[in-house]
Structure formats: structure tokens, C-alpha cells
file model02.cif (mmCIF, C-alpha atoms)
data_my_file
#
loop_
_atom_site.label_atom_id
_atom_site.label_comp_id
_atom_site.auth_asym_id
_atom_site.auth_seq_id
_atom_site.Cartn_x
_atom_site.Cartn_y
_atom_site.Cartn_z
CA MET A 12 0.00 0.00 0.00
CA LEU A 13 2.72 2.42 1.05
CA VAL A 14 4.62 1.81 -2.18
CA TRP A 15 1.57 2.92 -4.21
CA ILE A 16 1.51 6.22 -2.37
CA GLY A 17 5.15 6.54 -3.38
CA VAL A 18 4.31 5.69 -6.99
CA GLY A 19 1.64 8.41 -7.06
CA VAL A 20 3.75 11.13 -5.47
CA LEU A 21 6.87 10.35 -7.49
CA GLY A 22 4.79 10.06 -10.66
CA GLY A 23 3.33 13.52 -10.03
CA GLY A 24 6.83 14.86 -9.40
CA GLY A 25 8.04 13.31 -12.66
CA ALA A 26 5.25 15.12 -14.52
CA ILE A 27 6.24 18.49 -12.99
CA ALA A 28 9.91 17.88 -13.83
CA ARG A 29 8.88 17.08 -17.43
CA SER A 30 6.88 20.28 -17.72
CA ARG A 31 9.80 22.33 -16.41
CA LEU A 32 12.52 20.84 -18.61
CA ASP A 33 10.16 20.87 -21.60
CA SER A 34 9.43 24.59 -21.13
CA PHE A 35 13.07 25.35 -20.46
CA VAL A 36 14.27 23.71 -23.68
CA GLN A 37 11.35 24.81 -25.84
CA LEU A 38 11.70 28.48 -24.94
CA ARG A 39 15.36 28.36 -25.92
CA SER A 40 15.07 26.45 -29.19
CA ALA A 41 14.26 27.81 -32.60
CA GLY A 42 12.40 25.97 -35.32
CA GLU A 43 9.36 23.77 -35.50
CA LEU A 44 10.85 20.56 -34.16
CA PRO A 45 9.49 19.96 -30.63
CA ARG A 46 12.88 19.79 -28.91
CA GLY A 47 11.44 20.02 -25.40
CA THR A 48 9.71 16.66 -25.66
CA LEU A 49 12.77 15.21 -27.37
CA ALA A 50 14.97 16.36 -24.49
CA VAL A 51 12.83 14.81 -21.74
CA ASN A 52 12.39 11.57 -23.64
CA VAL A 53 16.08 11.10 -24.41
CA LEU A 54 17.20 12.08 -20.90
CA GLY A 55 14.57 9.80 -19.32
CA SER A 56 15.54 6.87 -21.54
CA PHE A 57 19.19 7.33 -20.57
CA CYS A 58 18.35 7.34 -16.86
CA LEU A 59 16.11 4.27 -17.13
CA GLY A 60 18.94 2.56 -19.02
CA VAL A 61 21.30 3.30 -16.13
CA LEU A 62 18.83 1.89 -13.57
CA THR A 63 18.20 -1.24 -15.61
CA GLY A 64 21.88 -1.78 -16.38
CA ALA A 65 22.75 -1.37 -12.72
CA GLY A 66 20.36 -4.20 -11.92
CA VAL A 67 17.86 -2.10 -9.97
CA SER A 68 14.72 -4.19 -9.56
CA GLY A 69 11.59 -4.72 -7.49
CA GLU A 70 10.14 -1.77 -5.61
CA ALA A 71 13.18 0.41 -6.29
CA LEU A 72 12.62 0.02 -10.03
CA LEU A 73 8.88 0.56 -9.56
CA LEU A 74 9.55 3.86 -7.80
CA GLY A 75 12.55 5.17 -9.73
CA GLY A 76 11.73 3.68 -13.13
CA THR A 77 7.99 3.17 -13.52
CA ALA A 78 6.92 6.12 -11.36
CA VAL A 79 9.54 8.87 -11.81
CA LEU A 80 10.99 8.19 -15.27
CA GLY A 81 7.78 6.71 -16.67
CA SER A 82 5.97 9.96 -15.86
CA PHE A 83 8.91 12.15 -16.78
CA THR A 84 8.91 10.82 -20.33
CA THR A 85 5.87 10.86 -22.57
CA PHE A 86 4.66 8.96 -25.58
CA SER A 87 1.36 10.78 -26.08
CA THR A 88 2.83 14.28 -26.47
CA TRP A 89 5.48 12.94 -28.86
CA MET A 90 2.78 11.36 -31.04
CA PHE A 91 0.49 14.37 -30.78
CA GLU A 92 3.18 16.83 -31.83
CA THR A 93 4.20 14.56 -34.70
CA GLU A 94 0.64 14.20 -35.99
CA ARG A 95 0.07 17.96 -35.82
CA LEU A 96 3.27 18.57 -37.80
CA ALA A 97 1.99 16.20 -40.48
CA GLU A 98 -1.44 17.83 -40.40
CA GLU A 99 0.20 21.18 -41.14
CA GLY A 100 1.94 19.69 -44.15
CA GLU A 101 5.31 19.44 -42.44
CA ASP A 102 5.73 15.80 -43.40
CA ARG A 103 9.49 15.87 -43.39
CA LEU A 104 9.61 17.40 -39.93
CA ALA A 105 7.12 14.80 -38.70
CA ILE A 106 9.26 11.96 -40.00
CA THR A 107 12.38 13.62 -38.61
CA ASN A 108 10.70 13.92 -35.21
CA ILE A 109 9.93 10.20 -35.18
CA ALA A 110 13.35 9.12 -36.43
CA VAL A 111 15.44 11.42 -34.22
CA SER A 112 13.44 10.51 -31.10
CA LEU A 113 13.79 6.78 -31.72
CA VAL A 114 17.46 6.82 -32.69
CA ALA A 115 18.44 9.14 -29.84
CA GLY A 116 16.15 7.38 -27.35
CA LEU A 117 17.48 3.91 -28.14
CA LEU A 118 21.09 5.12 -28.17
CA ALA A 119 20.57 6.85 -24.83
CA ALA A 120 18.99 3.70 -23.36
CA VAL A 121 21.86 1.47 -24.59
CA ILE A 122 24.60 3.87 -23.43
CA GLY A 123 22.87 4.31 -20.07
CA TRP A 124 22.52 0.55 -19.72
CA ALA A 125 26.24 0.01 -20.40
CA LEU A 126 27.14 2.75 -17.93
CA GLY A 127 24.83 1.30 -15.28
CA ALA A 128 26.27 -2.18 -15.81
CA ALA A 129 29.80 -0.81 -15.40
CA LEU A 130 28.97 0.86 -12.08
CA MET B 12 0.73 25.04 -33.02
CA ARG B 13 2.94 24.69 -29.98
CA ASP B 14 0.14 26.35 -28.17
CA THR B 15 -1.97 23.27 -27.59
CA LEU B 16 0.63 20.65 -27.32
CA THR B 17 1.73 20.63 -23.79
CA ASP B 18 2.27 23.63 -21.68
CA ILE B 19 5.39 24.46 -23.51
CA GLY B 20 6.33 27.78 -22.19
CA GLU B 21 2.96 28.21 -20.63
CA VAL B 22 4.10 27.85 -17.08
CA GLN B 23 6.98 30.23 -17.57
CA LEU B 24 4.98 32.67 -19.67
CA ARG B 25 2.21 32.79 -17.13
CA HIS B 26 4.74 33.25 -14.44
CA ALA B 27 5.96 36.37 -16.21
CA GLU B 28 2.40 37.46 -16.97
CA VAL B 29 1.12 37.44 -13.43
CA GLY B 30 4.45 38.47 -12.04
CA GLY B 31 4.42 36.04 -9.21
CA GLY B 32 4.64 32.52 -7.98
CA TRP B 33 1.07 31.90 -6.91
CA ARG B 34 -0.35 31.11 -10.35
CA LEU B 35 2.70 29.06 -11.17
CA HIS B 36 2.15 26.89 -8.14
CA GLN B 37 -1.48 26.37 -9.07
CA LEU B 38 -0.56 25.23 -12.59
CA GLU B 39 2.07 22.86 -11.29
CA LEU B 40 -0.40 21.54 -8.74
CA ALA B 41 -2.73 20.66 -11.62
CA ILE B 42 0.14 18.92 -13.44
CA PHE B 43 1.04 17.09 -10.23
CA VAL B 44 -2.50 15.82 -9.62
CA GLY B 45 -2.82 14.61 -13.22
CA GLY B 46 0.63 13.04 -12.96
CA VAL B 47 -0.27 11.14 -9.79
CA LEU B 48 -3.36 9.64 -11.44
CA GLY B 49 -1.60 8.86 -14.72
CA ALA B 50 1.37 7.19 -13.03
CA LEU B 51 -0.90 5.10 -10.78
CA ALA B 52 -3.00 3.96 -13.74
CA ARG B 53 0.12 2.96 -15.70
CA ALA B 54 1.76 1.22 -12.72
CA GLY B 55 -1.52 -0.59 -12.04
CA LEU B 56 -1.65 -1.77 -15.64
CA SER B 57 1.91 -3.12 -15.50
CA ASP B 58 0.99 -4.87 -12.25
CA VAL B 59 -1.96 -6.61 -13.93
CA LEU B 60 -0.09 -7.29 -17.19
CA PRO B 61 3.54 -7.88 -16.14
CA SER B 62 6.14 -7.86 -18.89
CA ASP B 63 8.58 -10.79 -19.10
CA GLY B 64 10.89 -9.17 -21.65
CA ARG B 65 10.23 -11.93 -24.14
CA SER B 66 6.74 -11.15 -25.38
CA TRP B 67 4.70 -8.15 -26.53
CA PRO B 68 4.73 -5.56 -23.69
CA TRP B 69 0.97 -5.19 -23.43
CA ALA B 70 0.84 -2.95 -20.36
CA THR B 71 2.97 -0.19 -21.90
CA PHE B 72 1.30 -0.60 -25.29
CA VAL B 73 -2.20 -0.26 -23.85
CA ALA B 74 -1.23 2.69 -21.60
CA ASN B 75 0.44 4.47 -24.53
CA VAL B 76 -2.43 3.96 -26.96
CA ILE B 77 -5.17 4.91 -24.49
CA GLY B 78 -3.20 7.93 -23.25
CA THR B 79 -2.58 9.10 -26.81
CA LEU B 80 -6.26 8.70 -27.75
CA LEU B 81 -7.22 10.74 -24.70
CA LEU B 82 -4.65 13.45 -25.43
CA GLY B 83 -5.92 13.75 -29.01
CA PHE B 84 -9.43 14.16 -27.64
CA PHE B 85 -8.55 16.56 -24.82
CA ALA B 86 -6.18 18.75 -26.81
CA THR B 87 -8.54 19.10 -29.78
CA ARG B 88 -11.53 19.78 -27.56
CA LEU B 89 -9.73 22.25 -25.33
CA GLN B 90 -8.17 24.12 -28.20
CA GLU B 91 -10.98 24.13 -30.71
CA ARG B 92 -14.20 23.71 -28.82
CA LEU B 93 -14.24 24.82 -25.22
CA PRO B 94 -13.58 28.33 -23.96
CA PRO B 95 -10.03 28.88 -22.68
CA SER B 96 -9.38 27.22 -19.38
CA THR B 97 -6.35 27.55 -17.20
CA PHE B 98 -6.30 24.19 -15.51
CA ARG B 99 -7.81 21.61 -17.83
CA ARG B 100 -4.80 21.33 -20.10
CA PRO B 101 -2.14 21.01 -17.38
CA LEU B 102 -4.34 18.59 -15.45
CA LEU B 103 -5.58 16.37 -18.28
CA GLY B 104 -2.93 16.81 -20.98
CA THR B 105 0.46 17.47 -19.42
CA GLY B 106 -0.35 15.75 -16.14
CA PHE B 107 -2.60 12.78 -16.77
CA CYS B 108 -1.92 11.80 -20.41
CA GLY B 109 1.76 12.71 -20.15
CA ALA B 110 2.24 10.48 -17.12
CA LEU B 111 -0.07 7.68 -18.26
CA THR B 112 2.09 7.27 -21.37
CA THR B 113 5.80 6.62 -21.31
CA PHE B 114 8.68 6.80 -23.73
CA SER B 115 11.53 5.57 -21.50
CA THR B 116 9.91 2.22 -20.66
CA PHE B 117 9.06 1.80 -24.35
CA GLN B 118 12.74 2.24 -25.28
CA ILE B 119 14.02 -0.09 -22.56
CA GLU B 120 11.49 -2.75 -23.57
CA LEU B 121 12.82 -2.59 -27.13
CA VAL B 122 16.40 -3.02 -25.89
CA VAL B 123 15.39 -5.94 -23.63
CA LEU B 124 13.53 -7.72 -26.43
CA VAL B 125 16.57 -7.40 -28.72
CA ARG B 126 18.90 -8.62 -25.97
CA HIS B 127 16.70 -11.67 -25.50
CA GLY B 128 16.99 -12.44 -29.20
CA HIS B 129 13.54 -11.23 -30.19
CA ALA B 130 14.63 -8.58 -32.68
CA LEU B 131 11.68 -9.20 -34.99
CA LEU B 132 9.19 -8.82 -32.15
CA ALA B 133 11.01 -5.63 -31.11
CA GLY B 134 10.65 -4.30 -34.66
CA GLY B 135 6.96 -5.12 -34.67
CA TYR B 136 6.48 -3.49 -31.27
CA LEU B 137 8.28 -0.33 -32.42
CA VAL B 138 6.36 0.02 -35.67
CA GLY B 139 3.09 -1.05 -34.05
CA SER B 140 3.42 1.50 -31.24
CA VAL B 141 4.23 4.42 -33.55
CA ALA B 142 1.50 3.46 -36.03
CA ALA B 143 -1.09 3.01 -33.27
CA GLY B 144 0.00 6.28 -31.65
CA LEU B 145 -0.31 8.33 -34.83
CA ALA B 146 -3.63 6.67 -35.71
CA SER B 147 -4.90 7.42 -32.19
CA VAL B 148 -4.21 11.15 -32.50
CA TYR B 149 -5.67 11.21 -36.00
CA PHE B 150 -8.94 9.45 -35.13
CA ALA B 151 -9.42 11.14 -31.76
CA THR B 152 -8.96 14.51 -33.50
CA ALA B 153 -11.28 13.67 -36.40
CA LEU B 154 -14.02 12.36 -34.10
CA THR B 155 -13.77 15.35 -31.77
CA ARG B 156 -13.97 17.79 -34.68
CA ARG B 157 -16.95 15.98 -36.19
CA ALA B 158 -18.81 15.95 -32.91
CA ARG B 159 -18.38 19.71 -32.77
CA LEU B 160 -20.45 20.26 -35.91
CA ARG B 161 -23.57 18.63 -34.54
#
call {"tool": "encode", "arguments": {"input": "model02.cif", "output": "C-alpha cells"}}
result
Amino acid sequence: MLVWIGVGVLGGGGAIARSRLDSFVQLRSAGELPRGTLAVNVLGSFCLGVLTGAGVSGEALLLGGTAVLGSFTTFSTWMFETERLAEEGEDRLAITNIAVSLVAGLLAAVIGWALGAAL
Amino acid sequence: MRDTLTDIGEVQLRHAEVGGGWRLHQLELAIFVGGVLGALARAGLSDVLPSDGRSWPWATFVANVIGTLLLGFFATRLQERLPPSTFRRPLLGTGFCGALTTFSTFQIELVVLVRHGHALLAGGYLVGSVAAGLASVYFATALTRRARLR
């Protein structure tokens, strides 16, 4: 029971942290590519890679991974922003947004994993 | 366009607008409450549908598709139909849908599947998630816009 309270609170904190970093990056980036969402997703994937590589499991992974990093990163906003780019005729930007997010996200996860395993 | 997406800049802009911290705290409280509910729903799903790293990660897939459908609905409705509201978007969009869906777990699941020798399944999961996500936004948007005309 107590762990679920932790999941809720840490999940809410992850959402606030996402909003802050997203705003921070987005206000400082030019162009149509949604770099704020890209930044949170790549950073979050790296951190989850570190946790997984370091062998964190059980309730620690539930709290640090599922709750904090799961909430910190977002799939829905990434998809929404991509679809709206396509809707506005920015097909190339939409495809770029998908490709860059996936390549950077997977790379970050793999590098984080290797780093966590080496710890 | 950035306007509806998340609260990109909104928190900081509002902060400047009202010249103080009170409004900022209220917006972040809305994001927090939505985030609590979204994270609990996602964690509950992964509790009911645990992932073994060797098969289709249903919990994350379902959370991501449902959260993306909801965001398409909320964002379209809030931007194009309802009068401006301060708290609905941070609560429902940034908070709830943002936290219900996850990118980091999605990426790690892909890496785990590949490490376990299921590269083809990983490829299917990647393409399936992106296709389902884009289709979710598209259909949620189209349905919400159509409902508006009635």
C-alpha cells in the first residue's frame, strides 16, 4: 500500500519535472521541431537505461523507473506533436521527429545501460 | 501550433504574466494531480499485465495507446471547442496523459527484447506503437472535430 503512495507522489513529481525541462528547452530552441519533448524523452531513456543496467529491480525500479521516469517521459505528447506537424503539411519534420526521437532514445537507453552495468 | 501541445512555455509565460509565484504553483499543482493519477494507472496496468521481456509488452502498449487517444481528444476539444481554461490542459494533458504514457519504458522494452533475441518482435512493437500512436491522435482529432459540428 505504502509503495503505491510513493508511486503516485513520485509520478506527479516526474510530470512536474517534465513540464519544467520541456518549457526550459522549448523556450530556448528555434524551429518547429518539438525539442522540449525530445529532451525529456532522451534524458529519461538514458536514466532508465542506467537503472536497468545497474540491476535495480523490485520496488526500487517501480519507484525510480515506472513512477519517476515513466511519468517524466511521454509517448502521447510525442505522437500528438508529430501528428500535428503532419497535419500542417510538415511531413518531413514529422518523419524527422519520429526518427530522431527513436534513434536518440534507443542510443541513450543502450549507453545508459552500459554505464549502469559498469557501475 | 505549440500552443496546444503541452504547456510548452505556458508555465513560464504565465509566471511572467502574473508576475508572481502563486499562479505558477497552481498550474504545477494541476500537473502534479494529473501526474499522480496517470502514473498510478500505468503502474496498475503493468501490475496486472507484467512484462517478461520476451513477449509483446501489453501494459505499456495499452497505456500508450489509451493515453494518446485521450490526449488527441482533450487537446482538440480544449483548443478548438471549449472556452479557454487555465487548468484543464495542465491537469488532463500534461499531467494525466503525459504520465499515463511513457517513452523511457518503451525504449528499454525494445532493448530488452533485442537482448533476449527477439529482434523481430522488437521491430513489430516499435512500428506497431508508432502506427497506433499516430492513428490514435488522427482518429481522436477527427471524431472530436466531427462531434463539434452537430
call {"tool": "residues_around", "arguments": {"input": "model02.cif", "residues": "B:Cys108", "least_positions_apart": "5", "cutoff": "10 Å", "atoms": "all atoms listed in the file", "output": "ChimeraX atom specification"}}
result
/A:26,82,85-88 /B:45-46,48-50,74-75,77-83,85,100-103,113
call {"tool": "atom_distance", "arguments": {"input": "model02.cif", "atom1": "atom CA of A:Val61", "atom2": "atom CA of A:Gly76"}}
result
10.0 Å
call {"tool": "interface_residues", "arguments": {"input": "model02.cif", "of": "chain B", "to": "chain A", "cutoff": "9 Å", "atoms": "all atoms listed in the file", "output": "PyMOL selection string"}}
result
chain B and resi 12-13+16-23+39-40+42-51+53-54+57+75-83+86+104-119+121-122+141+144-149
call {"tool": "atom_distance", "arguments": {"input": "model02.cif", "atom1": "atom CA of A:Glu70", "atom2": "atom CA of A:Ala129"}}
result
22.0 Å
call {"tool": "axis_aligned_box", "arguments": {"input": "model02.cif", "around": "stretch 51-61 of chain B", "padding_each_side": "6 Å", "output": "lines of an AutoDock Vina configuration file"}}
result
center_x = 0.3
center_y = -1.4
center_z = -14.0
size_x = 18.5
size_y = 25.0
size_z = 18.4
